[in-house]
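Okay, structure first, notes after.
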4 protein chains.
Amino acid sequence: MIIVIQCKDQIGLVATITDVLAKQQLNIITLREYVDQAENLFFMRLEVEETTDTDVLKQNLEQLLPQGAIVHINPLPLKKVVVMVTKEYHCLTDILIRNYFNTLGASVQCVIGNHPDLQNICERFSMPFFFISHEQKSKDEFEQQITEVIQPFKPDYIVLAKFMRILSPEFVAKFPMRVINIHHSFLPAFVGANPYRQAYERGVKLIGATAHFVSNELDEGPIIAQQINPVNHSFTVGDMVSAGKEIETAVLAKALKLVFEDRVFVYNNKTVVFE
Amino acid sequence: MIIVIQCKDQIGLVATITDVLAKQQLNIITLREYVDQAENLFFMRLEVEETTDTDVLKQNLEQLLPQGAIVHINPLPLKKVVVMVTKEYHCLTDILIRNYFNTLGASVQCVIGNHPDLQNICERFSMPFFFISHEQKSKDEFEQQITEVIQPFKPDYIVLAKFMRILSPEFVAKFPMRVINIHHSFLPAFVGANPYRQAYERGVKLIGATAHFVSNELDEGPIIAQQINPVNHSFTVGDMVSAGKEIETAVLAKALKLVFEDRVFVYNNKTVVFE
Amino acid sequence: MIIVIQCKDQIGLVATITDVLAKQQLNIITLREYVDQAENLFFMRLEVEETTDTDVLKQNLEQLLPQGAIVHINPLPLKKVVVMVTKEYHCLTDILIRNYFNTLGASVQCVIGNHPDLQNICERFSMPFFFISHEQKSKDEFEQQITEVIQPFKPDYIVLAKFMRILSPEFVAKFPMRVINIHHSFLPAFVGANPYRQAYERGVKLIGATAHFVSNELDEGPIIAQQINPVNHSFTVGDMVSAGKEIETAVLAKALKLVFEDRVFVYNNKTVVFE
Amino acid sequence: MIIVIQCKDQIGLVATITDVLAKQQLNIITLREYVDQAENLFFMRLEVEETTDTDVLKQNLEQLLPQGAIVHINPLPLKKVVVMVTKEYHCLTDILIRNYFNTLGASVQCVIGNHPDLQNICERFSMPFFFISHEQKSKDEFEQQITEVIQPFKPDYIVLAKFMRILSPEFVAKFPMRVINIHHSFLPAFVGANPYRQAYERGVKLIGATAHFVSNELDEGPIIAQQINPVNHSFTVGDMVSAGKEIETAVLAKALKLVFEDRVFVYNNKTVVFE
C-alpha cells in the first residue's frame with residue numbers, strides 16, 4: 001500500500017505519521033521525505049507491507065496533520081488513462097505495448113486522435129480510437145468534443161503522446177496537474193516549433209526531451225523527467241528527428257512509471273520526484 | 001547535523017526516532033530510510049537544522065533502539081584522510097585540489113607513496129609525502145612501515161588513489177570498511193591485471209570504473225559508485241587507459257563525496273547509498 | 001548507395017577506391033575509414049549520392065583491391081530478418097512496431113518461438129509465428145525444425161530477441177556472423193544464468209546489456225553495442241530485471257540499426273562500428 | 001602527423017588528396033571525411049604514420065584543391081595557450097594539472113586573472129599569473145592591457161576558464177575562432193546570468209555545460225562539446241552550482257582535447273567534430 005502526504009511543514013510530522021502507522025501494526029518498507037524549507041512544505045511517500053481500511057487511515061492521518069494536508073492512500077488499483085495523439089506513433093505504441101502486457105502500471109481506456117493515422121494500430125490492440133478532427137470547427141467546439149469522449153472514462157490522467165494541438169487553459173483547468181505532455185526538446189531550450197531544425201542550425205551536441213505536467217503556459221508546466229542523447233555534425237535534421245523520437249519515447253515511459261507509482265508531487269511550478 | 005542509524009528492523013522505528021528528535025525541538029530537513037527486508041535491516045539518514053549535544057542524543061536514541069544499533073551523529077567536523085598512491089597522478093591531484101580549496105569534505109593528512117614519483121606534486125601543495133618503498137622488504141615489513149606512518153594521524157578513511165600493491169587481510173582488518181579503493185574496471189568485469197588490454201581485445205563499447213571499500217577478497221569489497229564512458233574500435237589500448245583515467249577520477253570523486261557526507265552504509269558485501 | 005570494403009591494408013587504398021568512384025562521377029557524401037595496424041586490416045564505408053550498376057562497380061573495385069577483399073554494395077534494399085523468441089516480449093514488440101511502421105531498416109519475415117506465448121501479439125501484427133517446442137526432442141531435431149522454417153525465407157540476419165535456448169555450433173555455422181543476440185548483462189560481467197540475481201547480491205550500481213554476433217563460444221561473440229542504466233540499493237531483483245529489460249530493448253534496437261545500415265564490420269572477435 | 005583540410009566540395013576530392021599522400025609513401029592510419037551538402041563544404045582529417053616536409057606537402061595539396069582551401073599540417077608541436085580566469089578554480093586547476101603532467105596536448109604560457117584570487121595556485125605550479133583588474137578603467141583600457149600581456153606569447157588559443165567578463169567584439173576579432181569559453185549552462189537554455197537559480201526555480205532534472213568558440217554574440221559561438229548531469233528536487237541552488245562545476249570541468253577538458261588534437265572544424269555557427 002502506498003501513502004503520499006503533502007502539507008505545511010512543522011516539527012514532529014514524521015513522528016506523528018509513523019506513530020499512526022505503528023499503532024495499526026503497519027510495517028514501513030520504504031519512506032521518502034523531503035522538506036522545501038523556503039516554501040515550508042512537507043512531502044512524504046511511504047510504502048507499507050500491509051493493506052488496511054484506507055478511509056479510516058486517511059481520516060486518522062488528516063486529523064493529526066496541519067490543515068489543508070493532502071493525503072492519498074493507494075491500495076494500488078490501476079490508474080485510468082486516456083491517450084491523445086496526432087500522427088506520430090512512437091510514444092503511443094510504447095504505451096499500447098506496455099498496456100497490452102500489463103506492465104504500464106495503468107489501464108488505457110481509449111485513444112483520441114485529431115488525425116486518423118493511428119486508428120489502425122489501435123485496432124490491432126483492440127483499443128477504442130476516437131477520431132476528432134480539429135478542422136472546420138472552433139477550438140472551443142473541438143475541445144468540447146474531446147471532453148465529451150473523455151468524461152465517461154473518468155481518467156486519472158490524460159497523456160499527450162505527441163498530440164500536436166495546443167489545449168486551451170479552460171480545457172487544462174478541467175484536469176489540473178493530470179495532463180502529462182512529452183515535449184520535443186530539452187526544456188527550456190528550443191521552446192516551440194521546429195526544435196530539431198533549431199538544434200541542427202545551432203550545431204548542438206545533445207538533444208533531449210522533457211515530460212511535464214501541462215499548465216496554462218505553453219511548454220511551461222512542472223517537469224517530471226528529462227533525458228538527452230548525444231548527436232553530432234553528421235546528423236541531418238531527419239536523423240535528429242529520429243534520435244529525438246527515441247529519447248521522447250524513453251522519457252515519457254519513465255515519467256509515466258514515476259507518476260503511476262505515486263512518486264511525483266507538484267507544487268509551484270516544480271515537482272518532487274521520489275525515484 | 002547529520003544522524004545515521006543502522007539496526008535490526010522492527011515496527012515503529014521511524015516513529016521512535018523522530019519522536020526523540022521532535023521532543024528536542026530538532027527539525028528534520030531530509031530523511032532517507034531503507035529496509036532490507038530479506039536481511040531485516042533498517043538504515044536511516046537524517047539531516048536536522050540544529051546542532052545539539054551529540055552524546056546525549058546518541059544515548060537517548062540507543063536506549064530506545066534494538067540492541068546492537070549503530071548510531072553516528074555528525075556535527076560535520078571534517079573527516080581525516082590518508083591517501084596512498086603509486087605513480088599515477090590523476091586521482092591524487094583531483095583530491096589535492098579539492099583539499100586545497102576546502103571542497104573535499106575531508107582533510108587530507110598526508111600522502112604515502114610506494115614510489116617517489118608524486119612527491120613533487122605533493123610538495124607543491126605543502127602536503128606531507130612519505131615514500132615507503134615495497135622493495136627489498138617483506139610485505140609484512142612494508143605494511144608495518146605504512147601503519148606506523150598512518151597511525152599518528154588517526155584517519156577516518158584511507159583512500160587508495162591508484163595504489164598498485166595488494167594489501168594483506170591483516171592490514172585491511174585494522175581499518176575495517178574504512179579503506180576505499182578505485183578499481184580500474186567496471187567490476188565484476190575484467191577483474192585483475194591489464195583490464196584495458198582485456199577490454200581492447202574483447203572490443204568492448206564501454207569502459208568503467210568502480211569505487212569500493214576494500215575487504216579481504218581482492219577487488220571484491222562493497223561497491224560505492226560505478227560509472228562508464230563509451231569507447232569504440234578506434235581506441236588503442238593507450239586511448240582506453242586514458243579514457244579509463246578520466247572515469248576513475250570522476251568515480252572516486254563521487255564516492256568520496258558520498259562517504260564524506262555520511263551517505264554510505266555497508267552490510268554483507270553491499271552498500272546502501274542515499275544519494 | 002552504401003559501399004563497404006574490408007581487405008588487407010596497403011598504401012594508396014583510399015586513393016584507389018575513391019578514384020574509381022570519381023571516374024564514375026559518383027559523389028561521396030560520407031566516408032569512414034579505419035585501419036587496424038596490428039592486424040594490417042583496412043575497413044571502409046562510403047555513402048554516395050547516386051546509384052549505379054552495382055555489379056560493374058563491385059568488379060571494378062575488386063580487381064584493384066588486394067586479393068580476398070570483401071566488397072558489398074548496397075543500393076539499400078531492406079535486409080530480410082527472422083526473429084527468434086521464447087516468452088519475453090520487450091525486444092520482439094520493439095522490432096514488430098518498427099517493422100510495422102517501416103522504420104526498422106529491415107523486413108521481418110517471420111517469428112519463431114520455442115514457447116507459444118508470443119503468438120498472439122504476432123498475430124495482431126499479421127506476422128507469421130512458428131511455434132517449435134524444444135521439448136521431447138533432441139537438440140539436433142529441434143534445430144533441424146528451426147532450419148527448415150528459416151531457409152525458405154533466405155534471411156540476411158537471424159535476431160535472437162530473448163531466445164533462451166543455446167544454439168549448437170553447427171546451427172550457428174550455417175549463418176556465420178549473421179545471428180545477433182541480446183545478452184542480459186554488461187559482458188563480460190555476469191556471464192551465464194541469473195545475472196540480475198548476481199548483480200543484486202553484488203550490490204552493483206549499474207546494469208547493462210550487450211548486443212553481439214553469436215559465435216561458437218556462449219556469450220562470447222563480437223560486441224556490436226552496449227549500454228548501461230544506473231541502479232541502486234533500493235532495486236529488488238525484480239526491479240533490476242525490469243530495468244534490464246528497458247536497456248536490453250534499447251541496446252538491441254541500436255545494434256540492429258547499426259547492422260541494417262551496414263555500419264558494422266567483424267574480424268577476430270571484434271567489430272569496427274562506424275556510428 | 002595530422003592533416004586537416006576544409007574547402008568547397010567537388011567530385012574526386014578524396015582521391016586527389018589520398019593520391020598525393022600515396023605518391024609520397026605516406027600511410028593513412030585514420031581518415032575522417034564529412035560533406036555538408038547544403039553548404040557544399042568538404043572537411044577532412046587524416047592521421048598518417050610518417051612525418052615529412054610539411055611545407056612541400058601543403059603546397060602540393062593546395063595547388064590541387066579548390067581555391068580558398070584551408071590546409072593545416074600538424075607535426076604535433078604543442079599548441080600554445082593563454083588561460084583567463086576570474087575567481088573560480090575548478091576549470092583552471094584541471095588545466096594546470098594536465099599541463100604540469102604533460103597530458104594537456106598544449107602548453108600553457110600564462111594565466112590572466114581580473115581578480116587576484118587564483119594567483120597563489122598558479123604560483124604553486126610556477127605558472128606566470130598576471131592580475132589585470134577591470135576596475136576603474138574603461139573596457140577598452142582593460143582589454144588593451146590584456147592584449148599587451150597576451151601578444152608576446154603568440155598563443156594558438158585563449159581559454160576562458162570561468163572568466164566572468166564579457167569581451168568586446170573588437171577583442172574577439174583579434175583571435176577569430178581561437179577563443180574557447182565554457183558556458184555555465186546547457187546552451188541555448190538559460191542564457192545569461194544566474195543559470196542555476198533559473199534551473200532551480202524551473203525544477204529541471206538535468207543541468208549541463210557547453211564549451212564553445214566565442215563569436216560576437218554573447219554565448220552564441222559554435223558549440224564544441226556539451227554534456228549534462230542529472231539533478232533532482234533535493235538539490236539546493238548551491239548543490240546545483242557544485243554539480244555544475246563538475247560538469248563544466250569535464251566538458252571544457254573534453255573540448256580542449258578535441259581542439260588540441262585538431263579534431264574541430266568551424267563554419268557558419270557550427271562545428272564539425274571528428275571524435
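Following the order of the C-alpha cells, first chain is A, next is B, and so on, with residues numbered from 1 inside each chain and ligands from 1 in the order they appear.
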Using only C-alpha atoms, I'd like a table of the residues in chain D that come within 9 Å of chain C; for each, show the closest atom pair and its distance in Å rounded to one decimal, ordered by chain and ascending number, as CSV.
```
residue,atom,partner,partner_atom,distance
D:Gln10,CA,C:Asn27,CA,7.9
D:Ile11,CA,C:Asn27,CA,5.4
D:Gly12,CA,C:Ala22,CA,4.8
D:Leu13,CA,C:Ala22,CA,8.4
D:Val14,CA,C:Thr18,CA,6.3
D:Ala15,CA,C:Ala15,CA,4.5
D:Thr16,CA,C:Ala15,CA,7.2
D:Ile17,CA,C:Ala15,CA,7.6
D:Thr18,CA,C:Ala15,CA,4.8
D:Asp19,CA,C:Ala15,CA,5.0
D:Val20,CA,C:Ala15,CA,8.6
D:Leu21,CA,C:Gly12,CA,7.7
D:Ala22,CA,C:Gly12,CA,4.8
D:Lys23,CA,C:Gly12,CA,8.0
D:Gln25,CA,C:Ile11,CA,6.9
D:Leu26,CA,C:Ile11,CA,7.3
D:Asn27,CA,C:Ile11,CA,5.5
D:Ile28,CA,C:Ile11,CA,7.5
D:Ile29,CA,C:Val35,CA,5.8
D:Thr30,CA,C:Tyr34,CA,5.4
D:Leu31,CA,C:Glu33,CA,5.5
D:Arg32,CA,C:Arg32,CA,5.7
D:Glu33,CA,C:Leu31,CA,5.5
D:Tyr34,CA,C:Thr30,CA,5.4
D:Val35,CA,C:Ile29,CA,5.7
D:Asp36,CA,C:Ile29,CA,8.2
D:Gln37,CA,C:Ile29,CA,7.6
```
- Long-range neighbours of Asp140 of chain C as a ChimeraX atom specification, 10 Å cut-off, only C-alpha atoms, 4 positions minimum in chain: /C:134,144-146,167-168,170-171
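Rounded to one decimal, atom CA of Thr93 of chain A and atom CA of Glu275 of chain C lie 26.5 Å from each other.
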- DSSP says alpha helix (DSSP H) for which residues of segment 27-195 of chain B? Put them as a ChimeraX atom specification? /B:54-64,90-100,119-124,139-150,169-173,195
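Taking atom CA of Leu252 of chain A and atom CA of Val108 of chain C as the two end points, the separation is 27.0 Å.
Minimum atom-to-atom distance to Gly203 of chain A, evaluated using only C-alpha atoms, belongs to D:Val273 out of D:Leu258, D:Val273, D:Ile158, D:Val149.
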